[in-house]
Amino acid sequence: MFDCIIVGAGVAGASAAYHLAKAGHKVLVLEKSSFPRYKACSGAVSPAIAPWFDFDFGPAISRKVEQISLTWQMGDAINLTLKSPEPMWMVDRSVFDQFLIQKAQSLGAEFQADTTVTGVQLQGNQWQVVTNQGNFAANYLIAADGAMGITSKLLKFKEKKTRRSVALEVSLEEGIPPQLAADGKTYFDFGSINNGYIWNFPKAGGRSLGITTFRGNDPKDLAKSLTTYAEKFGLTVKPGQIHESFSAIWEGNQNLHTDRALVIGEAAGLVDPLIGEGIRPGVLSGVRAAAAISAALGGDSQALAKYTQTIQQELGADMALGQKLAGLFYQFPKIAYKAGLKRPAIAQVMSMLLCGEITYTGIFDIAMKRLKGSMLPGMGG
């Protein structure tokens, strides 16, 4: 019998497990995959997550990045140097996710891999969780099994729309040109793919490339487009090297709690609708979910409802602004790139956004303040 069962050991689930275990609760994390496991992901992590934990993430960081290059159809480059106190982190998700779950285990959380959940049922005040490795019981349940997970569906949460992405990992041993191997830049290319972008990130042992889209119909031949892009960097793509994944882009505020259960991370559709960031929102939702479950175990009958309210306040308003910006940017990408991103101030704001130093709400507030100052002298501060 557990205080809480968490289904899914990604960044959201592991974060929730860590904080619940830290609070002294008996936690079980169920994961369908064997760990460590490969996850198709850019591996870009905002250092803004660091203050939510009391340990050093250094051992799980593959590389830190300060140089960003934005391009339009592989040309017309904008080169930026991040001015943030802490550069953007690049991680290998197989390493990063295992690092987080091991931190939770060090505080007493139990972890069981190769365990597939097939059913959940609330009996009285306890959740019965049915798996291929037997049944488990807990007072509370957290669905953290990602965009394609079934737990949120079993709990009757609103079904999410998913977006298809492709990713490619190339190691130094697989033949990266020396110039690219030494290149510490992060690349974002716009215009080569509709309604999204292509990314190319450095890792300690190679490069990570991929395509993410955000609106409209999923483009066909994403793998072919990624192969063409990779070849322009001198990379040779081998059969089976490109992996497909799915993400649940934020589509609006929704209920994230039900009777004695919460949904977090990509299972809750908490992926940024403009830049596709899912790790920071996922981690935040895990941290807040842990606080809510802990409060509920302490007797707060409204704690789970407060979790939904908290996520809407901390992420919802910001995601809504990001969604509006995404609608404009990806509808008129060439204009947005050439008239927007090419302006140094706007490009620098984007870099701050990637590092978690500013939110869409913060960008809006700054813009409104400047607008008022230019229209009505004395009001802009």
# chains A, B, ... in the order shown; residues from 1 in each chain; ligands from 1
$ residues_around --residues "stretch 310-315 of chain A" --least-positions-apart "4" --cutoff "7 Å" --atoms "only C-alpha atoms" --output "VMD selection string"
chain A and resid 253 285 306 319
$ closest_atom_pairs --of "stretch 71-116 of chain A" --to "stretch 191-213 of chain A" --cutoff "8 Å" --atoms "only C-alpha atoms" --output "JSON lines"
{"residue": "A:Trp72", "atom": "CA", "partner": "A:Gly191", "partner_atom": "CA", "distance": 5.6}
{"residue": "A:Gln73", "atom": "CA", "partner": "A:Ser192", "partner_atom": "CA", "distance": 4.9}
{"residue": "A:Met74", "atom": "CA", "partner": "A:Ser192", "partner_atom": "CA", "distance": 7.7}
{"residue": "A:Met90", "atom": "CA", "partner": "A:Lys203", "partner_atom": "CA", "distance": 6.3}
{"residue": "A:Val91", "atom": "CA", "partner": "A:Lys203", "partner_atom": "CA", "distance": 7.1}
{"residue": "A:Asp92", "atom": "CA", "partner": "A:Lys203", "partner_atom": "CA", "distance": 7.7}
$ write_last_selection --atoms "N, CA and C atoms" --output "compact mmCIF listing (two decimals), in the first residue's frame"
# COMPACT_ATOMS: atom_id res chain seq x y z
N TRP A 72 17.15 31.14 -41.84
CA TRP A 72 15.95 31.03 -42.67
C TRP A 72 16.32 30.19 -43.89
N GLN A 73 15.77 28.98 -43.94
CA GLN A 73 16.07 28.04 -45.03
C GLN A 73 17.58 27.90 -45.23
N MET A 74 18.26 27.71 -44.12
CA MET A 74 19.71 27.45 -44.06
C MET A 74 20.57 28.67 -44.42
N MET A 90 22.24 21.08 -22.29
CA MET A 90 21.96 20.02 -23.24
C MET A 90 22.11 18.69 -22.50
N VAL A 91 21.12 17.83 -22.60
CA VAL A 91 21.16 16.57 -21.87
C VAL A 91 20.81 15.41 -22.78
N ASP A 92 21.28 14.26 -22.41
CA ASP A 92 20.86 13.00 -23.02
C ASP A 92 19.72 12.50 -22.15
$ closest_atom_pairs --of "stretch 77-144 of chain A" --to "stretch 293-301 of chain A" --cutoff "9 Å" --atoms "only C-alpha atoms" --output "Markdown table"
| residue | atom | partner | partner_atom | distance |
| --- | --- | --- | --- | --- |
| A:Asn139 | CA | A:Leu297 | CA | 8.3 |
| A:Tyr140 | CA | A:Ile293 | CA | 7.2 |
| A:Leu141 | CA | A:Ile293 | CA | 8.9 |
$ write_last_selection --atoms "all heavy atoms" --output "PDB file, in the first residue's frame"
ATOM      1  N   ASN A 139      -3.264   5.524  -2.098  1.00  0.00           N
ATOM      2  CA  ASN A 139      -4.296   6.506  -1.757  1.00  0.00           C
ATOM      3  C   ASN A 139      -4.505   7.510  -2.892  1.00  0.00           C
ATOM      4  O   ASN A 139      -5.615   7.992  -3.095  1.00  0.00           O
ATOM      5  CB  ASN A 139      -3.900   7.253  -0.480  1.00  0.00           C
ATOM      6  CG  ASN A 139      -3.952   6.360   0.745  1.00  0.00           C
ATOM      7  OD1 ASN A 139      -4.944   5.699   0.986  1.00  0.00           O
ATOM      8  ND2 ASN A 139      -2.866   6.349   1.500  1.00  0.00           N
ATOM      9  N   TYR A 140      -3.418   7.824  -3.601  1.00  0.00           N
ATOM     10  CA  TYR A 140      -3.501   8.804  -4.690  1.00  0.00           C
ATOM     11  C   TYR A 140      -2.731   8.289  -5.907  1.00  0.00           C
ATOM     12  O   TYR A 140      -1.836   7.442  -5.791  1.00  0.00           O
ATOM     13  CB  TYR A 140      -2.945  10.163  -4.241  1.00  0.00           C
ATOM     14  CG  TYR A 140      -3.822  10.835  -3.207  1.00  0.00           C
ATOM     15  CD1 TYR A 140      -3.596  10.624  -1.851  1.00  0.00           C
ATOM     16  CD2 TYR A 140      -4.891  11.654  -3.592  1.00  0.00           C
ATOM     17  CE1 TYR A 140      -4.416  11.209  -0.889  1.00  0.00           C
ATOM     18  CE2 TYR A 140      -5.704  12.247  -2.646  1.00  0.00           C
ATOM     19  CZ  TYR A 140      -5.471  12.021  -1.303  1.00  0.00           C
ATOM     20  OH  TYR A 140      -6.291  12.605  -0.353  1.00  0.00           O
ATOM     21  N   LEU A 141      -3.095   8.838  -7.057  1.00  0.00           N
ATOM     22  CA  LEU A 141      -2.515   8.386  -8.324  1.00  0.00           C
ATOM     23  C   LEU A 141      -2.132   9.600  -9.162  1.00  0.00           C
ATOM     24  O   LEU A 141      -2.858  10.592  -9.215  1.00  0.00           O
ATOM     25  CB  LEU A 141      -3.552   7.536  -9.076  1.00  0.00           C
ATOM     26  CG  LEU A 141      -3.156   6.952 -10.441  1.00  0.00           C
ATOM     27  CD1 LEU A 141      -2.011   5.963 -10.299  1.00  0.00           C
ATOM     28  CD2 LEU A 141      -4.373   6.264 -11.070  1.00  0.00           C
TER      29      LEU A 141
END
$ select_by_dssp --residues "stretch 14-192 of chain A" --states "helix (DSSP H, G or I)" --output "PyMOL selection string"
chain A and resi 14-22+47-52+58-60+93-106+151-154+172-174+178-181
$ atom_distance --atom1 "atom CA of A:Ala16" --atom2 "atom CA of A:Lys156"
21.1 Å
$ residues_around --residues "stretch 270-275 of chain A" --least-positions-apart "4" --cutoff "10 Å" --atoms "only C-alpha atoms" --output "PDB file with C-alpha atoms, in the first residue's frame"
ATOM      1  CA  GLY A 146       3.386  11.136 -21.618  1.00  0.00           C
ATOM      2  CA  ALA A 147       1.497  12.154 -24.717  1.00  0.00           C
ATOM      3  CA  ASN A 195       4.505  25.194 -39.180  1.00  0.00           C
ATOM      4  CA  GLY A 196       7.625  24.353 -37.234  1.00  0.00           C
ATOM      5  CA  TYR A 197      11.408  24.320 -37.232  1.00  0.00           C
ATOM      6  CA  THR A 212       9.026  19.686 -34.535  1.00  0.00           C
ATOM      7  CA  THR A 213       5.761  21.128 -35.892  1.00  0.00           C
ATOM      8  CA  PHE A 214       3.028  22.972 -34.029  1.00  0.00           C
ATOM      9  CA  ARG A 215      -0.072  23.561 -36.163  1.00  0.00           C
ATOM     10  CA  SER A 247       4.060  15.426 -28.230  1.00  0.00           C
ATOM     11  CA  ALA A 248       0.939  16.977 -26.762  1.00  0.00           C
ATOM     12  CA  ILE A 249       1.035  20.708 -27.431  1.00  0.00           C
ATOM     13  CA  TRP A 250      -0.896  22.939 -25.005  1.00  0.00           C
ATOM     14  CA  GLU A 251      -4.376  23.726 -26.379  1.00  0.00           C
ATOM     15  CA  GLY A 252      -5.998  25.577 -23.526  1.00  0.00           C
ATOM     16  CA  ASN A 253      -6.651  25.309 -19.807  1.00  0.00           C
ATOM     17  CA  ILE A 264       1.063  16.054 -15.159  1.00  0.00           C
ATOM     18  CA  GLY A 265       3.645  16.742 -17.868  1.00  0.00           C
ATOM     19  CA  GLU A 266       2.920  15.772 -21.455  1.00  0.00           C
ATOM     20  CA  ILE A 279      10.830  19.618 -19.915  1.00  0.00           C
ATOM     21  CA  ARG A 280      10.507  22.769 -17.791  1.00  0.00           C
ATOM     22  CA  PRO A 281       6.653  22.723 -17.768  1.00  0.00           C
ATOM     23  CA  GLY A 282       6.763  18.992 -17.063  1.00  0.00           C
ATOM     24  CA  LEU A 284       7.089  22.293 -12.738  1.00  0.00           C
ATOM     25  CA  SER A 285       3.869  20.285 -12.924  1.00  0.00           C
ATOM     26  CA  ILE A 311      -0.980  25.165 -13.113  1.00  0.00           C
ATOM     27  CA  LEU A 315       1.507  28.068 -16.947  1.00  0.00           C
ATOM     28  CA  GLY A 316      -1.930  28.613 -18.489  1.00  0.00           C
ATOM     29  CA  ASP A 318       1.708  32.142 -20.407  1.00  0.00           C
ATOM     30  CA  MET A 319       0.888  29.208 -22.697  1.00  0.00           C
ATOM     31  CA  ALA A 320      -2.115  31.145 -24.042  1.00  0.00           C
ATOM     32  CA  LEU A 321       0.142  34.030 -25.076  1.00  0.00           C
ATOM     33  CA  GLY A 322       2.596  31.561 -26.592  1.00  0.00           C
ATOM     34  CA  GLN A 323      -0.245  30.017 -28.568  1.00  0.00           C
ATOM     35  CA  LYS A 324      -1.226  33.414 -29.990  1.00  0.00           C
ATOM     36  CA  LEU A 325       2.364  34.151 -30.933  1.00  0.00           C
ATOM     37  CA  ALA A 326       2.656  30.724 -32.545  1.00  0.00           C
ATOM     38  CA  GLY A 327      -0.428  31.417 -34.635  1.00  0.00           C
ATOM     39  CA  LEU A 328       1.156  34.610 -35.957  1.00  0.00           C
ATOM     40  CA  PHE A 329       4.689  33.290 -36.334  1.00  0.00           C
ATOM     41  CA  TYR A 330       3.876  30.060 -38.147  1.00  0.00           C
ATOM     42  CA  MET A 350      14.080  34.536 -27.639  1.00  0.00           C
ATOM     43  CA  LEU A 353      12.989  32.572 -23.281  1.00  0.00           C
ATOM     44  CA  LEU A 354      14.977  29.405 -24.036  1.00  0.00           C
TER      45      LEU A 354
END
$ residues_around --residues "A:Gln241" --least-positions-apart "4" --cutoff "10 Å" --atoms "only C-alpha atoms" --output "ChimeraX atom specification"
/A:167-170,223,227,237
$ write_last_selection --atoms "C-alpha atoms" --output "mmCIF file, in the first residue's frame"
data_model
loop_
_atom_site.group_PDB
_atom_site.id
_atom_site.type_symbol
_atom_site.label_atom_id
_atom_site.label_comp_id
_atom_site.auth_asym_id
_atom_site.auth_seq_id
_atom_site.Cartn_x
_atom_site.Cartn_y
_atom_site.Cartn_z
ATOM 1 C CA ALA A 167 14.763 13.030 -34.096
ATOM 2 C CA LEU A 168 18.228 11.819 -34.946
ATOM 3 C CA GLU A 169 21.212 11.230 -32.677
ATOM 4 C CA VAL A 170 24.650 11.057 -34.293
ATOM 5 C CA ALA A 223 12.269 11.751 -41.951
ATOM 6 C CA THR A 227 17.862 13.491 -43.714
ATOM 7 C CA VAL A 237 21.954 9.140 -41.995
#
$ closest_residue --among "A:Lys39, A:Lys32, A:Arg93, A:Lys224" --to "A:Thr151" --atoms "only C-alpha atoms"
A:Lys32
$ closest_residue --among "A:Leu262, A:Ala48, A:Ala9, A:Ala339" --to "A:Lys103" --atoms "only C-alpha atoms"
A:Ala9
$ residues_around --residues "A:Leu122" --least-positions-apart "3" --cutoff "10 Å" --atoms "only C-alpha atoms" --output "PDB file with N, CA, C and O atoms, in the first residue's frame"
ATOM      1  N   ASN A 125     -11.406   4.651  -0.976  1.00  0.00           N
ATOM      2  CA  ASN A 125     -10.415   5.719  -0.990  1.00  0.00           C
ATOM      3  C   ASN A 125      -9.060   5.248  -1.511  1.00  0.00           C
ATOM      4  O   ASN A 125      -8.032   5.868  -1.229  1.00  0.00           O
ATOM      5  N   GLN A 126      -9.070   4.160  -2.262  1.00  0.00           N
ATOM      6  CA  GLN A 126      -7.812   3.625  -2.764  1.00  0.00           C
ATOM      7  C   GLN A 126      -7.884   3.347  -4.262  1.00  0.00           C
ATOM      8  O   GLN A 126      -8.904   2.864  -4.766  1.00  0.00           O
ATOM      9  N   TRP A 127      -6.794   3.675  -4.941  1.00  0.00           N
ATOM     10  CA  TRP A 127      -6.672   3.324  -6.347  1.00  0.00           C
ATOM     11  C   TRP A 127      -6.034   1.943  -6.474  1.00  0.00           C
ATOM     12  O   TRP A 127      -4.986   1.678  -5.883  1.00  0.00           O
ATOM     13  N   GLN A 128      -6.698   1.080  -7.247  1.00  0.00           N
ATOM     14  CA  GLN A 128      -6.130  -0.206  -7.595  1.00  0.00           C
ATOM     15  C   GLN A 128      -5.551  -0.082  -9.006  1.00  0.00           C
ATOM     16  O   GLN A 128      -6.274   0.262  -9.940  1.00  0.00           O
ATOM     17  N   VAL A 129      -4.267  -0.338  -9.124  1.00  0.00           N
ATOM     18  CA  VAL A 129      -3.582  -0.202 -10.402  1.00  0.00           C
ATOM     19  C   VAL A 129      -3.199  -1.593 -10.901  1.00  0.00           C
ATOM     20  O   VAL A 129      -2.450  -2.319 -10.237  1.00  0.00           O
ATOM     21  N   ALA A 137      -1.716  -0.836  -4.945  1.00  0.00           N
ATOM     22  CA  ALA A 137      -2.743   0.045  -4.385  1.00  0.00           C
ATOM     23  C   ALA A 137      -2.107   1.291  -3.791  1.00  0.00           C
ATOM     24  O   ALA A 137      -0.987   1.253  -3.265  1.00  0.00           O
ATOM     25  N   ALA A 138      -2.846   2.399  -3.882  1.00  0.00           N
ATOM     26  CA  ALA A 138      -2.357   3.668  -3.326  1.00  0.00           C
ATOM     27  C   ALA A 138      -3.517   4.580  -3.005  1.00  0.00           C
ATOM     28  O   ALA A 138      -4.612   4.454  -3.576  1.00  0.00           O
ATOM     29  N   ASN A 139      -3.264   5.524  -2.098  1.00  0.00           N
ATOM     30  CA  ASN A 139      -4.296   6.506  -1.757  1.00  0.00           C
ATOM     31  C   ASN A 139      -4.505   7.510  -2.892  1.00  0.00           C
ATOM     32  O   ASN A 139      -5.615   7.992  -3.095  1.00  0.00           O
ATOM     33  N   TYR A 140      -3.418   7.824  -3.601  1.00  0.00           N
ATOM     34  CA  TYR A 140      -3.501   8.804  -4.690  1.00  0.00           C
ATOM     35  C   TYR A 140      -2.731   8.289  -5.907  1.00  0.00           C
ATOM     36  O   TYR A 140      -1.836   7.442  -5.791  1.00  0.00           O
ATOM     37  N   LEU A 141      -3.095   8.838  -7.057  1.00  0.00           N
ATOM     38  CA  LEU A 141      -2.515   8.386  -8.324  1.00  0.00           C
ATOM     39  C   LEU A 141      -2.132   9.600  -9.162  1.00  0.00           C
ATOM     40  O   LEU A 141      -2.858  10.592  -9.215  1.00  0.00           O
ATOM     41  N   LEU A 155      -8.382   7.540 -16.630  1.00  0.00           N
ATOM     42  CA  LEU A 155      -8.928   8.430 -15.596  1.00  0.00           C
ATOM     43  C   LEU A 155      -9.985   9.393 -16.143  1.00  0.00           C
ATOM     44  O   LEU A 155     -10.499  10.240 -15.418  1.00  0.00           O
ATOM     45  N   ASP A 259     -10.999  12.594  -8.838  1.00  0.00           N
ATOM     46  CA  ASP A 259     -11.077  12.050  -7.490  1.00  0.00           C
ATOM     47  C   ASP A 259      -9.782  11.308  -7.135  1.00  0.00           C
ATOM     48  O   ASP A 259      -9.488  10.252  -7.682  1.00  0.00           O
ATOM     49  N   ARG A 260      -8.976  11.923  -6.282  1.00  0.00           N
ATOM     50  CA  ARG A 260      -7.754  11.319  -5.759  1.00  0.00           C
ATOM     51  C   ARG A 260      -6.697  11.044  -6.836  1.00  0.00           C
ATOM     52  O   ARG A 260      -5.854  10.153  -6.694  1.00  0.00           O
ATOM     53  N   ALA A 261      -6.721  11.819  -7.920  1.00  0.00           N
ATOM     54  CA  ALA A 261      -5.741  11.624  -8.994  1.00  0.00           C
ATOM     55  C   ALA A 261      -5.438  12.935  -9.708  1.00  0.00           C
ATOM     56  O   ALA A 261      -6.295  13.815  -9.814  1.00  0.00           O
TER      57      ALA A 261
END
$ atom_distance --atom1 "atom CA of A:Lys220" --atom2 "atom CA of A:Thr186"
25.2 Å
$ residues_around --residues "A:Glu244" --least-positions-apart "2" --cutoff "8 Å" --atoms "only C-alpha atoms" --output "PyMOL selection string"
chain A and resi 40+164-167+242+246
$ residues_around --residues "A:Tyr307" --least-positions-apart "2" --cutoff "7 Å" --atoms "only C-alpha atoms" --output "MDAnalysis selection string"
chainID A and resid 288:289 292 303:305 309:311
$ select_by_dssp --residues "stretch 92-316 of chain A" --states "strand (DSSP E)" --output "PyMOL selection string"
chain A and resi 110-112+117-123+126-131+134-143+163-171+186-190+196-203+206-213+242-247+257-258+261-263
$ closest_residue --among "A:Asp97, A:Glu173, A:Glu31, A:Glu231" --to "A:Asp145" --atoms "only C-alpha atoms"
A:Glu31
$ closest_residue --among "A:Val7, A:Ile61, A:Leu80, A:Ala290" --to "A:Ser33" --atoms "only C-alpha atoms"
A:Val7
$ atom_distance --atom1 "atom CA of A:Lys26" --atom2 "atom CA of A:Phe2"
5.3 Å
$ closest_residue --among "A:Ile363, A:Lys158, A:Gly13, A:Phe188" --to "A:Ala345" --atoms "only C-alpha atoms"
A:Ile363
$ closest_residue --among "A:Val95, A:Ala336, A:Ala268, A:Ala230" --to "A:Tyr187" --atoms "only C-alpha atoms"
A:Ala230
